[in-house]
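Participant: Let me give you the structure first, and then I'll get to my questions.
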Amino acid sequence: MQAYRASLLHFLDDPDRVAEEDSYQYFDDGLLLIEDGKVVEIGHAAELLAKVPAGVTVTDYADSLIMPGFIDTHVHYPQTEMIAAYGEQLLQWLETYTFPVEAQFSDQEYARTIADLFLDELLRCGTTTALVFGTSHRESVDAFFEACEEHNLRMIAGKVWMDRNAPDDLTDTADSAYEDSKVLIGKWHNRGRLRYAITPRFAATSSPEQLRKAGQLLAEHPDVYLHTHMSENPDEVKWVAELFPECENYLDTYDQAGLLGRRSIFAHCIHLTDSEWDRMAETRSNIAFCPGSNLFLGSGLFNLQRAVEKNVLVGVGTDVGGGHSFSVLETLSEAYKVQQLRSHKLTPFKAFYLATLGGARCLDLDDLIGNFSVGKEADFIVLCKAPTPLMQFRLAHCKSLIEELFVIAMMGDDRTIRATYVVGKPVHTRSQ
Ligand code: GUN
Ligand code: ZN
């Protein structure tokens, strides 16, 4: 058994669906008990310390807050090297910066170097699970999953499908994408903690035939994921309408191919029409809200309130390299600002819910991760409450938990993450 003492926070439900005080559990002086990589019990240290068997040392994280590991519901590992690329919006940004960088991932050794760097950065920022884009090369996915397997991470990823409107060294065909993805599913889906996502880049780079082929593969493997982009940028939406004259709207390009459902995750969804929102809800499809990327690429302001009204599940995504930070904490502060610009208040409880249990629900992983319910996998992080002199000063003036959480979400970054644990094992410890 392992025992960790600190303040503890986790979520039981969506603060927008139940009374806020029923949505979370907080123990000011708490204890987290773990055995065989799973949560055994949490509670007040004063009550639980007696249950710790003789010989088990209690790791005391004074002045720290333990939470479930963060979940990044949309990120591109191959874009690590072109993060923070200047001056362009989506379509020119893809042509100018993204495609040339992604072309390098036919080299599995290079891909592995970047995968290692990417995972180190994720863990430093407290992210323990992510839904990840590879490139159109099979090698990019092999390299990524091999790296994940070494840390025993719970990750979902897939090979990109693109059979048009992209450079030759990045395009596949409907048949080759199908065959490559089928091999990768057989090799990686449900191997240890890994899962596979069929990953057409977006409707603009796939022909209707290729999307249909992706739908066929999904029908043959109904428990794998579908991961793509949708309705991110006004020029993109216009272009997709021109490319698919037979479709009613953007969502319909995926719907006609059979790509919607409980394990389908659509990044962005900023410019959806009412009928698209209704169809998202009807099919229980999910959204990755990527506020850092949406601001950086000038894409627009996601309507989080509408998702709540329509009962569409949402997680947060960094969307690196469209986003320029790996930190989910920094992404929460961008989310707050995007909602401010929509005159909507993102509460700190909702923000941390989205980063943990909300993300797990969005990825249909909430039976395994996302909170500290008994039996869940012990992926957790230790947040230092005062990683900088300014935060120490500011937090000393907080009068409530909600105020403290808000300050951590607005001012926190990688320096806030004191330690990251994966199935009960430390995988990152911040040097002081
Ligand atoms: N749409 C199609 N490809 C991409 C990508 O790589 N990043 C983002 N943000 N949007 C996309
Ligand atoms: Zn993206």
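By convention here, the chains of the structure tokens are called A, B, ... in the order presented, each chain's residues are numbered starting at 1, and ligands are numbered starting at 1 in the order presented.
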Within 9 Å of Trp277 in chain A, counting only C-alpha atoms, which residues qualify if same-chain residues fewer than 2 places away don't, as a JSON list (two decimals) with N, CA and C atoms, in the first residue's frame?
Facilitator:
[["chain", "number", "residue", "atom", "x", "y", "z"],
["A", 272, "LEU", "N", -20.73, 25.96, -35.10],
["A", 272, "LEU", "CA", -21.82, 25.01, -35.38],
["A", 272, "LEU", "C", -23.17, 25.73, -35.51],
["A", 273, "THR", "N", -24.00, 25.21, -36.41],
["A", 273, "THR", "CA", -25.38, 25.70, -36.53],
["A", 273, "THR", "C", -26.26, 24.94, -35.53],
["A", 274, "ASP", "N", -27.49, 25.43, -35.36],
["A", 274, "ASP", "CA", -28.42, 24.78, -34.43],
["A", 274, "ASP", "C", -28.62, 23.31, -34.77],
["A", 275, "SER", "N", -28.77, 23.03, -36.06],
["A", 275, "SER", "CA", -29.04, 21.63, -36.42],
["A", 275, "SER", "C", -27.80, 20.76, -36.19],
["A", 279, "ARG", "N", -27.69, 17.48, -33.74],
["A", 279, "ARG", "CA", -27.20, 16.17, -34.23],
["A", 279, "ARG", "C", -26.04, 15.66, -33.37],
["A", 280, "MET", "N", -25.18, 16.57, -32.88],
["A", 280, "MET", "CA", -24.11, 16.19, -31.94],
["A", 280, "MET", "C", -24.74, 15.54, -30.71],
["A", 281, "ALA", "N", -25.80, 16.19, -30.18],
["A", 281, "ALA", "CA", -26.45, 15.69, -28.97],
["A", 281, "ALA", "C", -27.11, 14.34, -29.23],
["A", 282, "GLU", "N", -27.85, 14.26, -30.34],
["A", 282, "GLU", "CA", -28.59, 13.05, -30.70],
["A", 282, "GLU", "C", -27.66, 11.83, -30.80],
["A", 306, "ARG", "N", -23.79, 26.60, -24.67],
["A", 306, "ARG", "CA", -24.64, 25.86, -25.60],
["A", 306, "ARG", "C", -24.42, 24.35, -25.43],
["A", 307, "ALA", "N", -23.16, 23.97, -25.21],
["A", 307, "ALA", "CA", -22.86, 22.55, -25.00],
["A", 307, "ALA", "C", -23.57, 22.04, -23.75],
["A", 310, "LYS", "N", -27.29, 21.75, -24.51],
["A", 310, "LYS", "CA", -27.60, 20.65, -25.43],
["A", 310, "LYS", "C", -27.15, 19.30, -24.89],
["A", 312, "VAL", "N", -24.13, 18.13, -24.57],
["A", 312, "VAL", "CA", -23.01, 17.55, -25.33],
["A", 312, "VAL", "C", -21.78, 17.56, -24.42]]
Participant: If you take only C-alpha atoms and all ligand atoms and a cut-off of 9 Å, which residues of chain A touch ligand 2, and what are their nearest atom pairs and distances in Å to one decimal, in chain and number order, as a Markdown table?
Facilitator:
| residue | atom | partner | partner_atom_place_in_ligand_line | distance |
| --- | --- | --- | --- | --- |
| A:His74 | CA | ligand 2 | 1 (Zn) | 6.3 |
| A:Val75 | CA | ligand 2 | 1 (Zn) | 5.9 |
| A:His76 | CA | ligand 2 | 1 (Zn) | 6.3 |
| A:Val132 | CA | ligand 2 | 1 (Zn) | 8.9 |
| A:Phe133 | CA | ligand 2 | 1 (Zn) | 7.6 |
| A:Arg201 | CA | ligand 2 | 1 (Zn) | 8.4 |
| A:Thr228 | CA | ligand 2 | 1 (Zn) | 7.8 |
| A:His229 | CA | ligand 2 | 1 (Zn) | 6.4 |
| A:Ala267 | CA | ligand 2 | 1 (Zn) | 6.4 |
| A:His268 | CA | ligand 2 | 1 (Zn) | 8.1 |
| A:Cys290 | CA | ligand 2 | 1 (Zn) | 8.4 |
| A:Ser293 | CA | ligand 2 | 1 (Zn) | 8.2 |
| A:Gly317 | CA | ligand 2 | 1 (Zn) | 8.6 |
| A:Thr318 | CA | ligand 2 | 1 (Zn) | 8.5 |
| A:Asp319 | CA | ligand 2 | 1 (Zn) | 4.8 |
| A:Val320 | CA | ligand 2 | 1 (Zn) | 7.2 |
| A:Gly321 | CA | ligand 2 | 1 (Zn) | 7.7 |
| A:Gly322 | CA | ligand 2 | 1 (Zn) | 6.5 |
| A:Gly323 | CA | ligand 2 | 1 (Zn) | 8.5 |
Participant: Set the distance at 8 Å and use only C-alpha atoms: which residues neighbour range 204-206 of chain A once local chain neighbours fewer than 4 positions away are removed? I'd like the list as JSON, numbers by chain.
Facilitator: {"A": [161, 162, 163, 164, 165, 166, 200, 210, 211, 236, 239, 240, 243]}
Participant: Using DSSP on the backbone coordinates, identify the residues of range 368-412 of chain A assigned to strand (DSSP E or B); present them as JSON, numbers by chain.
Facilitator: {"A": [377, 380, 381, 382, 383, 384]}
Participant: Using only C-alpha atoms, pick whichever of A:Arg193, A:Lys345, A:Lys238, A:Lys182 has the shortest atom-to-atom distance to Leu218 in chain A.
Facilitator: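 Once distances to Leu218 in chain A are computed over only C-alpha atoms, the minimum belongs to A:Lys182.
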Participant: As a VMD selection string, please: the residues near Gly186 in chain A (cut-off 12 Å, only C-alpha atoms, same-chain neighbours under 2 positions excluded).
Facilitator: chain A and resid 142 179 to 184 188 to 191 194 to 196 217 220 to 221 224
Participant: List every residue of range 227-265 of chain A that DSSP, applied to the backbone of this structure, places in helix (DSSP H, G or I), and write the result as a PyMOL selection string.
Facilitator: chain A and resi 234-243+250-255
Participant: Would you save the residues from that selection as a tab-separated table (two decimals), in the first residue's frame, using N, CA and C atoms?
Facilitator:
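Now in out_32.tsv:
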chain	number	residue	atom	x	y	z
A	234	PRO	N	-13.74	30.19	-39.96
A	234	PRO	CA	-14.76	30.53	-40.96
A	234	PRO	C	-14.35	30.17	-42.40
A	235	ASP	N	-13.08	30.41	-42.78
A	235	ASP	CA	-12.64	30.04	-44.14
A	235	ASP	C	-12.69	28.53	-44.36
A	236	GLU	N	-12.35	27.80	-43.32
A	236	GLU	CA	-12.40	26.33	-43.37
A	236	GLU	C	-13.85	25.86	-43.58
A	237	VAL	N	-14.77	26.44	-42.84
A	237	VAL	CA	-16.18	26.04	-42.94
A	237	VAL	C	-16.69	26.29	-44.37
A	238	LYS	N	-16.31	27.46	-44.93
A	238	LYS	CA	-16.72	27.80	-46.30
A	238	LYS	C	-16.13	26.80	-47.31
A	239	TRP	N	-14.86	26.50	-47.13
A	239	TRP	CA	-14.16	25.57	-48.05
A	239	TRP	C	-14.79	24.18	-48.00
A	240	VAL	N	-15.09	23.71	-46.81
A	240	VAL	CA	-15.70	22.37	-46.67
A	240	VAL	C	-17.07	22.35	-47.36
A	241	ALA	N	-17.82	23.45	-47.25
A	241	ALA	CA	-19.13	23.51	-47.94
A	241	ALA	C	-18.94	23.39	-49.46
A	242	GLU	N	-17.87	24.02	-49.99
A	242	GLU	CA	-17.59	23.93	-51.43
A	242	GLU	C	-17.15	22.51	-51.83
A	243	LEU	N	-16.37	21.88	-50.96
A	243	LEU	CA	-15.84	20.54	-51.27
A	243	LEU	C	-16.91	19.45	-51.17
A	250	TYR	N	-21.26	21.09	-42.23
A	250	TYR	CA	-19.95	20.48	-41.94
A	250	TYR	C	-20.12	19.12	-41.26
A	251	LEU	N	-20.94	19.08	-40.22
A	251	LEU	CA	-21.13	17.84	-39.48
A	251	LEU	C	-21.61	16.71	-40.39
A	252	ASP	N	-22.43	17.08	-41.36
A	252	ASP	CA	-23.01	16.10	-42.27
A	252	ASP	C	-21.94	15.36	-43.09
A	253	THR	N	-20.78	16.00	-43.32
A	253	THR	CA	-19.70	15.32	-44.07
A	253	THR	C	-19.24	14.08	-43.29
A	254	TYR	N	-19.25	14.19	-41.97
A	254	TYR	CA	-18.87	13.06	-41.10
A	254	TYR	C	-20.07	12.13	-40.86
A	255	ASP	N	-21.24	12.74	-40.74
A	255	ASP	CA	-22.45	11.97	-40.44
A	255	ASP	C	-22.76	11.00	-41.58
Participant: Fewer than 3 positions away in the same chain doesn't count, so skip those; otherwise give me all residues within 8 Å of Leu346 in chain A, counting only C-alpha atoms, as an MDAnalysis selection string.
Facilitator: chainID A and resid 335:336 339:340 350:351
Participant: If you count only C-alpha atoms, which residues fall within 12 Å of Gly412 in chain A, apart from same-chain ones fewer than 2 positions away, as a ChimeraX atom specification?
Facilitator: /A:125-126,327-334,383-388,390-392,394-395,404-410,414-418
Participant: Within 12 Å of Asp36 in chain A, counting only C-alpha atoms, which residues show up once you throw out same-chain ones fewer than 6 positions away? Write them as a PyMOL selection string, please.
Facilitator: chain A and resi 1-2+375-378+422-425
Participant: Go ahead and dump the residues you just picked, C-alpha atoms, as a PDB file, in the first residue's frame.
Facilitator:
ATOM      1  CA  MET A   1       0.000   0.000   0.000  1.00  0.00           C
ATOM      2  CA  GLN A   2       1.028   3.639  -0.599  1.00  0.00           C
ATOM      3  CA  GLY A 375     -10.827   1.012  -7.874  1.00  0.00           C
ATOM      4  CA  LYS A 376      -9.891   3.766 -10.349  1.00  0.00           C
ATOM      5  CA  GLU A 377      -6.382   3.830 -11.781  1.00  0.00           C
ATOM      6  CA  ALA A 378      -4.121   5.957  -9.589  1.00  0.00           C
ATOM      7  CA  VAL A 422       0.993   7.147 -13.164  1.00  0.00           C
ATOM      8  CA  VAL A 423      -0.691   4.008 -11.757  1.00  0.00           C
ATOM      9  CA  GLY A 424       0.804   4.897  -8.402  1.00  0.00           C
ATOM     10  CA  LYS A 425       4.381   5.400  -9.648  1.00  0.00           C
TER      11      LYS A 425
END
